[in-house]
$ cat structure-v5.csv   # CSV, C-alpha atoms and all ligand atoms
chain,number,residue,atom,x,y,z
A,1,MET,CA,61.8,-202.7,-39.1
A,2,ARG,CA,62.6,-200.4,-36.3
A,3,ALA,CA,60.6,-197.2,-36.1
A,4,MET,CA,59.9,-194.4,-33.6
A,5,LEU,CA,56.1,-194.1,-33.3
A,6,LEU,CA,53.9,-191.2,-32.2
A,7,ASP,CA,50.8,-192.9,-30.7
A,8,ALA,CA,49.0,-189.7,-29.7
A,9,PRO,CA,49.8,-185.9,-29.5
A,10,ARG,CA,51.7,-184.9,-26.3
A,11,THR,CA,53.0,-188.4,-25.6
A,12,PRO,CA,56.7,-189.5,-26.0
A,13,LEU,CA,57.8,-191.3,-29.2
A,14,ARG,CA,57.8,-195.0,-28.7
A,15,PRO,CA,60.4,-197.4,-30.2
A,16,ALA,CA,58.6,-200.2,-32.0
A,17,ASP,CA,59.1,-203.1,-34.4
A,18,ILE,CA,56.6,-202.7,-37.3
A,19,PRO,CA,56.1,-204.5,-40.6
A,20,VAL,CA,58.1,-203.1,-43.6
A,21,PRO,CA,55.6,-201.2,-45.7
A,22,ARG,CA,54.9,-202.4,-49.3
A,23,PRO,CA,55.2,-200.0,-52.2
A,24,GLY,CA,52.0,-199.6,-54.2
A,25,PRO,CA,51.7,-198.4,-57.8
A,26,GLY,CA,53.9,-195.4,-58.4
A,27,GLN,CA,55.7,-195.8,-55.1
A,28,LEU,CA,59.2,-196.6,-54.0
A,29,LEU,CA,60.3,-198.7,-51.0
A,30,LEU,CA,63.2,-196.7,-49.5
A,31,ARG,CA,66.0,-197.6,-47.1
A,32,VAL,CA,66.3,-194.6,-44.9
A,33,ARG,CA,69.9,-193.4,-44.3
A,34,ALA,CA,69.2,-190.1,-42.5
A,35,CYS,CA,66.2,-188.1,-41.6
A,36,GLY,CA,66.2,-184.4,-40.5
A,37,VAL,CA,64.3,-183.3,-37.5
A,38,CYS,CA,62.2,-180.2,-38.1
A,39,ARG,CA,60.3,-177.8,-35.9
A,40,THR,CA,57.1,-178.9,-37.7
A,41,ASP,CA,57.6,-182.3,-36.1
A,42,LEU,CA,57.4,-180.6,-32.7
A,43,HIS,CA,54.2,-178.9,-33.8
A,44,VAL,CA,52.8,-182.4,-34.6
A,45,VAL,CA,53.9,-183.9,-31.3
A,46,ASP,CA,52.5,-180.9,-29.4
A,47,GLY,CA,49.1,-181.2,-31.1
A,48,GLU,CA,49.4,-177.8,-32.8
A,49,LEU,CA,48.9,-179.5,-36.1
A,50,THR,CA,45.7,-181.3,-35.5
A,51,LYS,CA,45.2,-183.9,-38.2
A,52,PRO,CA,48.1,-186.4,-38.1
A,53,LYS,CA,47.5,-190.1,-39.0
A,54,LEU,CA,48.0,-192.1,-35.8
A,55,PRO,CA,50.1,-194.0,-35.0
A,56,LEU,CA,52.5,-191.9,-37.0
A,57,VAL,CA,56.1,-192.2,-38.1
A,58,LEU,CA,57.3,-188.5,-38.2
A,59,GLY,CA,60.0,-187.2,-40.4
A,60,HIS,CA,59.9,-185.3,-43.7
A,61,GLN,CA,63.6,-184.7,-44.6
A,62,ILE,CA,64.4,-188.2,-45.7
A,63,VAL,CA,67.6,-189.2,-47.4
A,64,ALA,CA,67.3,-192.8,-48.6
A,65,THR,CA,68.3,-195.3,-51.2
A,66,VAL,CA,65.8,-197.0,-53.5
A,67,GLU,CA,65.4,-200.5,-52.1
A,68,GLU,CA,62.5,-201.7,-54.4
A,69,MET,CA,60.6,-200.1,-57.2
A,70,GLY,CA,56.8,-200.4,-57.0
A,71,PRO,CA,54.6,-201.2,-60.1
A,72,GLY,CA,54.9,-198.6,-62.8
A,73,THR,CA,57.9,-196.7,-61.4
A,74,ASP,CA,60.7,-195.5,-63.6
A,75,ARG,CA,62.1,-192.1,-62.4
A,76,HIS,CA,64.6,-193.3,-59.8
A,77,ALA,CA,66.6,-196.5,-60.3
A,78,ALA,CA,67.0,-199.2,-57.6
A,79,GLY,CA,70.0,-198.3,-55.5
A,80,SER,CA,69.9,-194.5,-56.3
A,81,ARG,CA,69.9,-191.9,-53.6
A,82,VAL,CA,66.7,-189.9,-53.2
A,83,GLY,CA,65.3,-187.2,-50.9
A,84,VAL,CA,61.7,-187.1,-49.7
A,85,PRO,CA,60.3,-183.7,-48.6
A,86,TRP,CA,57.2,-182.6,-46.7
A,87,LEU,CA,55.0,-182.5,-49.9
A,88,GLY,CA,54.1,-186.1,-50.4
A,89,TRP,CA,51.2,-186.1,-52.8
A,90,THR,CA,49.0,-183.6,-54.6
A,91,CYS,CA,45.8,-184.1,-56.7
A,92,GLY,CA,47.3,-182.7,-59.9
A,93,GLU,CA,43.8,-181.5,-61.0
A,94,CYS,CA,42.7,-178.5,-58.9
A,95,THR,CA,43.2,-174.8,-59.8
A,96,TYR,CA,46.2,-174.6,-57.5
A,97,CYS,CA,47.9,-177.7,-59.0
A,98,ARG,CA,47.3,-176.5,-62.5
A,99,SER,CA,48.7,-173.0,-61.9
A,100,GLY,CA,52.1,-173.8,-60.4
A,101,ARG,CA,50.8,-173.6,-56.8
A,102,GLU,CA,50.6,-177.3,-55.8
A,103,ASN,CA,51.8,-176.2,-52.4
A,104,LEU,CA,48.3,-174.9,-51.8
A,105,CYS,CA,46.4,-178.0,-53.1
A,106,ARG,CA,43.5,-178.7,-50.7
A,107,GLY,CA,44.0,-182.4,-51.3
A,108,ALA,CA,47.7,-182.4,-50.7
A,109,ARG,CA,49.1,-185.0,-48.3
A,110,PHE,CA,52.3,-184.5,-46.3
A,111,THR,CA,55.1,-186.7,-45.3
A,112,GLY,CA,55.6,-187.5,-41.6
A,113,TYR,CA,52.1,-186.2,-41.0
A,114,GLU,CA,49.4,-187.8,-43.2
A,115,ILE,CA,51.9,-190.3,-44.7
A,116,ASP,CA,54.4,-192.2,-42.6
A,117,GLY,CA,57.8,-190.5,-42.7
A,118,GLY,CA,61.5,-191.2,-42.1
A,119,TYR,CA,61.9,-191.8,-38.3
A,120,ALA,CA,62.2,-195.5,-39.3
A,121,GLU,CA,64.5,-197.9,-41.2
A,122,MET,CA,62.3,-198.1,-44.3
A,123,ALA,CA,59.7,-195.8,-45.8
A,124,VAL,CA,57.4,-195.7,-48.9
A,125,ALA,CA,57.1,-192.6,-51.1
A,126,ASP,CA,55.4,-191.6,-54.3
A,127,GLU,CA,58.3,-191.4,-56.8
A,128,ARG,CA,57.0,-188.2,-58.4
A,129,PHE,CA,57.7,-186.4,-55.1
A,130,CYS,CA,61.2,-187.8,-54.6
A,131,PHE,CA,64.2,-185.7,-55.6
A,132,ALA,CA,67.6,-186.8,-56.7
A,133,ILE,CA,70.1,-185.8,-54.0
A,134,PRO,CA,73.0,-183.7,-55.3
A,135,GLU,CA,76.3,-185.5,-55.3
A,136,GLY,CA,78.9,-184.3,-52.8
A,137,TYR,CA,76.5,-184.2,-49.9
A,138,PRO,CA,76.9,-186.9,-47.3
A,139,ASP,CA,73.6,-188.3,-46.2
A,140,LEU,CA,73.5,-186.4,-42.9
A,141,GLN,CA,74.5,-183.1,-44.5
A,142,ALA,CA,71.9,-183.6,-47.3
A,143,ALA,CA,68.9,-184.2,-44.9
A,144,PRO,CA,68.5,-180.5,-43.8
A,145,LEU,CA,68.3,-179.4,-47.5
A,146,LEU,CA,65.0,-181.2,-47.8
A,147,CYS,CA,62.9,-178.9,-45.5
A,148,ALA,CA,65.1,-176.2,-43.9
A,149,GLY,CA,66.6,-175.7,-47.3
A,150,LEU,CA,63.5,-175.9,-49.5
A,151,ILE,CA,61.2,-173.9,-47.2
A,152,GLY,CA,64.0,-171.5,-46.6
A,153,TRP,CA,64.5,-171.1,-50.4
A,154,ARG,CA,60.7,-170.5,-51.0
A,155,SER,CA,60.7,-168.0,-48.1
A,156,LEU,CA,63.7,-166.2,-49.6
A,157,LYS,CA,62.1,-166.0,-53.0
A,158,LEU,CA,58.9,-164.5,-51.5
A,159,ALA,CA,60.9,-162.0,-49.6
A,160,GLY,CA,61.8,-160.3,-52.9
A,161,ASP,CA,65.3,-159.3,-54.0
A,162,GLY,CA,66.1,-156.6,-51.4
A,163,GLU,CA,69.7,-156.4,-50.4
A,164,ARG,CA,69.3,-156.2,-46.6
A,165,LEU,CA,67.6,-159.3,-45.2
A,166,GLY,CA,66.6,-159.9,-41.6
A,167,LEU,CA,66.3,-163.5,-40.3
A,168,TYR,CA,64.4,-164.0,-37.0
A,169,GLY,CA,65.3,-167.3,-35.4
A,170,PHE,CA,68.7,-168.7,-36.4
A,171,GLY,CA,68.2,-172.4,-36.7
A,172,ALA,CA,68.3,-174.9,-39.5
A,173,ALA,CA,66.5,-172.8,-42.2
A,174,ALA,CA,68.3,-169.6,-41.3
A,175,HIS,CA,71.8,-171.1,-41.4
A,176,ILE,CA,71.1,-172.3,-45.0
A,177,VAL,CA,69.3,-169.1,-46.2
A,178,THR,CA,72.2,-167.0,-44.9
A,179,GLN,CA,74.6,-168.8,-47.2
A,180,VAL,CA,72.3,-168.5,-50.2
A,181,ALA,CA,71.5,-164.9,-49.6
A,182,ARG,CA,75.2,-164.0,-49.3
A,183,HIS,CA,75.8,-165.9,-52.6
A,184,GLN,CA,73.2,-163.6,-54.1
A,185,GLY,CA,75.1,-160.6,-52.9
A,186,ARG,CA,72.7,-159.7,-50.0
A,187,ARG,CA,73.6,-158.9,-46.4
A,188,VAL,CA,72.0,-160.8,-43.6
A,189,PHE,CA,70.9,-159.4,-40.2
A,190,ALA,CA,70.3,-162.2,-37.7
A,191,PHE,CA,67.9,-161.9,-34.8
A,192,VAL,CA,68.2,-164.5,-32.0
A,193,ARG,CA,66.6,-165.0,-28.6
A,194,PRO,CA,67.7,-162.1,-26.4
A,195,GLY,CA,70.8,-163.1,-24.5
A,196,ASP,CA,71.6,-166.1,-26.8
A,197,ALA,CA,75.3,-165.2,-27.3
A,198,GLU,CA,76.1,-168.7,-28.8
A,199,GLY,CA,73.3,-168.1,-31.4
A,200,GLN,CA,74.7,-164.7,-32.3
A,201,ARG,CA,78.2,-166.3,-32.7
A,202,PHE,CA,76.8,-169.0,-34.9
A,203,ALA,CA,75.0,-166.5,-37.1
A,204,LEU,CA,78.1,-164.4,-37.6
A,205,GLU,CA,80.2,-167.5,-38.3
A,206,MET,CA,77.7,-168.5,-41.0
A,207,GLY,CA,78.1,-165.1,-42.6
A,208,ALA,CA,75.6,-162.7,-41.1
A,209,ALA,CA,76.7,-159.1,-41.2
A,210,TRP,CA,75.2,-158.4,-37.8
A,211,ALA,CA,73.5,-160.4,-35.1
A,212,GLY,CA,71.5,-159.2,-32.2
A,213,GLY,CA,68.5,-159.9,-30.0
A,214,SER,CA,65.1,-160.3,-31.5
A,215,SER,CA,63.7,-157.1,-29.9
A,216,GLU,CA,66.7,-155.0,-30.9
A,217,ALA,CA,66.6,-152.5,-33.9
A,218,PRO,CA,69.1,-153.5,-36.6
A,219,PRO,CA,71.8,-151.0,-37.4
A,220,GLU,CA,70.2,-150.0,-40.6
A,221,GLU,CA,66.7,-150.3,-42.2
A,222,LEU,CA,66.0,-153.7,-43.8
A,223,ASP,CA,64.4,-154.4,-47.2
A,224,ALA,CA,62.9,-157.7,-46.0
A,225,ALA,CA,62.7,-160.1,-43.1
A,226,ILE,CA,61.9,-163.8,-42.7
A,227,ILE,CA,60.5,-165.0,-39.4
A,228,PHE,CA,61.5,-168.7,-38.8
A,229,ALA,CA,60.8,-168.7,-35.1
A,230,PRO,CA,57.2,-169.7,-34.2
A,231,ALA,CA,56.6,-166.5,-32.1
A,232,GLY,CA,53.9,-164.1,-33.2
A,233,GLU,CA,55.3,-161.3,-31.1
A,234,LEU,CA,58.2,-161.1,-33.6
A,235,VAL,CA,55.8,-159.9,-36.4
A,236,PRO,CA,55.6,-156.2,-35.1
A,237,HIS,CA,59.3,-156.2,-34.4
A,238,ALA,CA,60.0,-157.3,-38.0
A,239,LEU,CA,57.6,-154.8,-39.5
A,240,ARG,CA,59.3,-152.1,-37.5
A,241,ALA,CA,62.7,-153.2,-38.8
A,242,VAL,CA,61.8,-153.0,-42.5
A,243,GLY,CA,61.6,-149.8,-44.5
A,244,PRO,CA,58.7,-148.6,-46.7
A,245,GLY,CA,57.8,-151.3,-49.3
A,246,GLY,CA,59.5,-153.9,-47.1
A,247,VAL,CA,58.3,-157.5,-47.0
A,248,VAL,CA,57.9,-159.7,-43.9
A,249,VAL,CA,57.6,-163.4,-44.5
A,250,CYS,CA,56.4,-165.8,-41.9
A,251,GLY,CA,58.2,-169.1,-42.8
A,252,GLY,CA,56.7,-171.5,-40.3
A,253,ILE,CA,53.6,-173.7,-40.4
A,254,HIS,CA,52.5,-172.6,-36.9
A,255,MET,CA,52.9,-169.5,-34.9
A,256,SER,CA,51.7,-168.2,-31.6
A,257,ASP,CA,49.1,-165.4,-31.8
A,258,ILE,CA,50.3,-162.1,-33.3
A,259,PRO,CA,49.7,-159.2,-31.0
A,260,SER,CA,47.8,-156.2,-32.3
A,261,PHE,CA,50.0,-153.4,-33.6
A,262,PRO,CA,49.5,-149.8,-34.9
A,263,TYR,CA,48.6,-149.6,-38.6
A,264,GLU,CA,51.6,-147.3,-39.2
A,265,LEU,CA,53.8,-150.4,-38.9
A,266,LEU,CA,52.1,-151.9,-42.0
A,267,TRP,CA,51.5,-148.6,-43.9
A,268,GLU,CA,53.8,-147.4,-46.7
A,269,GLU,CA,53.2,-150.6,-48.6
A,270,ARG,CA,54.9,-152.9,-46.2
A,271,VAL,CA,53.8,-156.5,-46.9
A,272,LEU,CA,53.2,-159.2,-44.4
A,273,ARG,CA,52.7,-162.8,-45.8
A,274,SER,CA,53.2,-166.4,-44.9
A,275,VAL,CA,54.8,-169.3,-46.8
A,276,ALA,CA,53.0,-172.6,-47.0
A,277,ASN,CA,54.7,-175.9,-47.9
A,278,LEU,CA,56.7,-176.2,-51.1
A,279,THR,CA,56.3,-177.0,-54.8
A,280,ARG,CA,58.4,-179.6,-56.6
A,281,GLN,CA,59.7,-176.7,-58.6
A,282,ASP,CA,61.1,-175.1,-55.4
A,283,GLY,CA,62.8,-178.4,-54.7
A,284,GLU,CA,64.4,-178.8,-58.2
A,285,GLU,CA,65.6,-175.1,-58.1
A,286,PHE,CA,67.1,-175.3,-54.6
A,287,LEU,CA,68.8,-178.7,-55.0
A,288,ALA,CA,70.4,-177.4,-58.3
A,289,LEU,CA,71.5,-174.2,-56.5
A,290,ALA,CA,72.8,-175.7,-53.2
A,291,PRO,CA,76.0,-177.3,-54.7
A,292,ARG,CA,76.8,-174.1,-56.6
A,293,VAL,CA,76.7,-171.8,-53.5
A,294,PRO,CA,77.9,-174.2,-52.1
A,295,VAL,CA,75.6,-174.6,-49.1
A,296,ARG,CA,77.3,-176.3,-46.2
A,297,THR,CA,74.9,-177.6,-43.5
A,298,GLN,CA,75.9,-178.0,-39.9
A,299,VAL,CA,74.3,-181.0,-38.3
A,300,THR,CA,74.0,-182.6,-34.9
A,301,ALA,CA,73.5,-186.4,-35.4
A,302,TYR,CA,71.4,-188.7,-33.2
A,303,PRO,CA,70.7,-192.4,-33.4
A,304,LEU,CA,67.1,-193.3,-34.4
A,305,GLY,CA,66.3,-194.4,-30.8
A,306,SER,CA,67.2,-190.9,-29.6
A,307,ALA,CA,64.6,-189.1,-31.8
A,308,GLY,CA,62.8,-187.9,-28.7
A,309,GLN,CA,66.0,-186.4,-27.3
A,310,ALA,CA,66.6,-184.6,-30.7
A,311,LEU,CA,63.1,-183.1,-30.5
A,312,ASP,CA,63.7,-182.0,-26.9
A,313,ASP,CA,67.0,-180.4,-27.8
A,314,LEU,CA,65.4,-178.6,-30.7
A,315,ARG,CA,62.6,-177.3,-28.4
A,316,GLN,CA,65.2,-176.0,-26.0
A,317,GLY,CA,67.1,-174.3,-28.7
A,318,HIS,CA,70.2,-176.5,-28.0
A,319,VAL,CA,70.8,-177.6,-31.6
A,320,ARG,CA,73.4,-175.8,-33.6
A,321,GLY,CA,72.3,-175.9,-37.3
A,322,SER,CA,70.1,-179.0,-37.9
A,323,ALA,CA,69.3,-182.1,-35.9
A,324,VAL,CA,69.5,-185.3,-38.0
A,325,LEU,CA,68.8,-188.9,-37.3
A,326,SER,CA,71.5,-191.2,-38.6
A,327,ILE,CA,69.6,-194.4,-39.4
A,328,SER,CA,71.6,-196.7,-41.8
A,329,GLY,CA,74.5,-196.7,-44.3
A,401,ZN,ZN,45.5,-180.1,-56.3
A,402,ZN,ZN,60.1,-179.2,-42.0

$ encode --input "structure-v5.csv" --output "structure tokens"
Amino acid sequence: MRAMLLDAPRTPLRPADIPVPRPGPGQLLLRVRACGVCRTDLHVVDGELTKPKLPLVLGHQIVATVEEMGPGTDRHAAGSRVGVPWLGWTCGECTYCRSGRENLCRGARFTGYEIDGGYAEMAVADERFCFAIPEGYPDLQAAPLLCAGLIGWRSLKLAGDGERLGLYGFGAAAHIVTQVARHQGRRVFAFVRPGDAEGQRFALEMGAAWAGGSSEAPPEELDAAIIFAPAGELVPHALRAVGPGGVVVCGGIHMSDIPSFPYELLWEERVLRSVANLTRQDGEEFLALAPRVPVRTQVTAYPLGSAGQALDDLRQGHVRGSAVLSISG
């Protein structure tokens, strides 16, 4: 099968022909139809996430059809359409797994990082971690739901239920969260790279009440903010933007160092926290909610062989909405 391989951090992806993987017990062999490109993939390529399997097939927003059911599988029928997210396996036995926090399982394994992902024509996944894809979503439009959507949803839940929500970085996750937040009756304040007029326009089109540069003060005090951009210097800006009791959620897996800031930015019970990974419950909740909003994803499609270009465009901030590899079907 064709695949794009990462041989080592900080090297370009390499097109390769590799053997089709075999599904083991509990696993499905999947024909990949589309795979979303995520900022986390960039962190893997750049060596900021330091423990990838190598060589590696990136990609953890896989939309696929079940090609073959491995021994002992019964949750997803052959031919059905499934989605594979970042969370690829958990131990099921530790304190975290047994308390609804499998996202924190120390033994967890992640798709497109420790398990080969979806930048390929075929993939293998544990059926317990595959979701049914809601009907009505074409393959390309469904792909961003699987990480931008799921992590966005978890971040939104952890931000609390305040009405005025700030979003720092307006890419794949923010364009989905904005639609969900509006559906919940909130107002969204979007912060983009200073001078990014196109980013501001996009945020307003997606339903933000206000859009401005990331170092600007919003027109009113916010109840919560989610930082999707991997830039630590945004943390003091976001803390300054939220009122007493406000929550600032860091939604990314990696962030540059956070500069020191005066305690008064945190005082008055402001909360600063991160979001790590997802639970299967987050996935079930979000994939049930998305068609009801309904969430409409904007995607820029690339052929499999242009995965490197998609990553470059994402790095440069040139992708409107989500970059998605169109692979088969
Ligand atoms: Zn566990
Ligand atoms: Zn992701």

$ residues_near_ligand --input "structure-v5.csv" --ligand "ligand ZN 402 (chain A)" --cutoff "9 Å" --atoms "only C-alpha atoms and all ligand atoms" --output "ChimeraX atom specification"
/A:36-41,59-61,85-86,144,146-148,150-151,252-253,277

$ write_last_selection --input "structure-v5.csv" --atoms "C-alpha atoms" --output "PDB file, keeping the file's coordinate frame"
ATOM      1  CA  GLY A  36      66.200-184.400 -40.500  1.00  0.00           C
ATOM      2  CA  VAL A  37      64.300-183.300 -37.500  1.00  0.00           C
ATOM      3  CA  CYS A  38      62.200-180.200 -38.100  1.00  0.00           C
ATOM      4  CA  ARG A  39      60.300-177.800 -35.900  1.00  0.00           C
ATOM      5  CA  THR A  40      57.100-178.900 -37.700  1.00  0.00           C
ATOM      6  CA  ASP A  41      57.600-182.300 -36.100  1.00  0.00           C
ATOM      7  CA  GLY A  59      60.000-187.200 -40.400  1.00  0.00           C
ATOM      8  CA  HIS A  60      59.900-185.300 -43.700  1.00  0.00           C
ATOM      9  CA  GLN A  61      63.600-184.700 -44.600  1.00  0.00           C
ATOM     10  CA  PRO A  85      60.300-183.700 -48.600  1.00  0.00           C
ATOM     11  CA  TRP A  86      57.200-182.600 -46.700  1.00  0.00           C
ATOM     12  CA  PRO A 144      68.500-180.500 -43.800  1.00  0.00           C
ATOM     13  CA  LEU A 146      65.000-181.200 -47.800  1.00  0.00           C
ATOM     14  CA  CYS A 147      62.900-178.900 -45.500  1.00  0.00           C
ATOM     15  CA  ALA A 148      65.100-176.200 -43.900  1.00  0.00           C
ATOM     16  CA  LEU A 150      63.500-175.900 -49.500  1.00  0.00           C
ATOM     17  CA  ILE A 151      61.200-173.900 -47.200  1.00  0.00           C
ATOM     18  CA  GLY A 252      56.700-171.500 -40.300  1.00  0.00           C
ATOM     19  CA  ILE A 253      53.600-173.700 -40.400  1.00  0.00           C
ATOM     20  CA  ASN A 277      54.700-175.900 -47.900  1.00  0.00           C
TER      21      ASN A 277
END

$ closest_residue --input "structure-v5.csv" --among "A:Gly92, A:Gly308, A:Pro262, A:Gly79" --to "ligand ZN 401 (chain A)" --atoms "only C-alpha atoms and all ligand atoms"
A:Gly92

$ closest_residue --input "structure-v5.csv" --among "A:Pro12, A:Gly107, A:Pro21, A:Trp267" --to "ligand ZN 401 (chain A)" --atoms "only C-alpha atoms and all ligand atoms"
A:Gly107

$ residues_near_ligand --input "structure-v5.csv" --ligand "ligand ZN 401 (chain A)" --cutoff "7 Å" --atoms "all atoms listed in the file" --output "MDAnalysis selection string"
chainID A and resid 90:97 102 105:108

$ residues_around --input "structure-v5.csv" --residues "region 287-295 of chain A" --least-positions-apart "4" --cutoff "8 Å" --atoms "only C-alpha atoms" --output "PyMOL selection string"
chain A and resi 133-134+136+145+176+179-180+183+283

$ residues_around --input "structure-v5.csv" --residues "Asp139 (chain A)" --least-positions-apart "5" --cutoff "8 Å" --atoms "only C-alpha atoms" --output "list in words"
Arg33, Ala34 and Val63 of chain A

$ write_last_selection --input "structure-v5.csv" --atoms "C-alpha atoms" --output "PDB file, keeping the file's coordinate frame"
ATOM      1  CA  ARG A  33      69.900-193.400 -44.300  1.00  0.00           C
ATOM      2  CA  ALA A  34      69.200-190.100 -42.500  1.00  0.00           C
ATOM      3  CA  VAL A  63      67.600-189.200 -47.400  1.00  0.00           C
TER       4      VAL A  63
END

$ residues_near_point --input "structure-v5.csv" --point "(53.4, -166.8, -50.3)" --cutoff "9 Å" --atoms "only C-alpha atoms" --output "ChimeraX atom specification"
/A:154-155,158-159,249-250,273-276

$ atom_distance --input "structure-v5.csv" --atom1 "CA of Lys53 (chain A)" --atom2 "CA of Gly70 (chain A)"
22.7 Å

$ closest_residue --input "structure-v5.csv" --among "A:Leu239, A:Ala173, A:Val188, A:Val319" --to "Glu264 (chain A)" --atoms "all atoms listed in the file"
A:Leu239
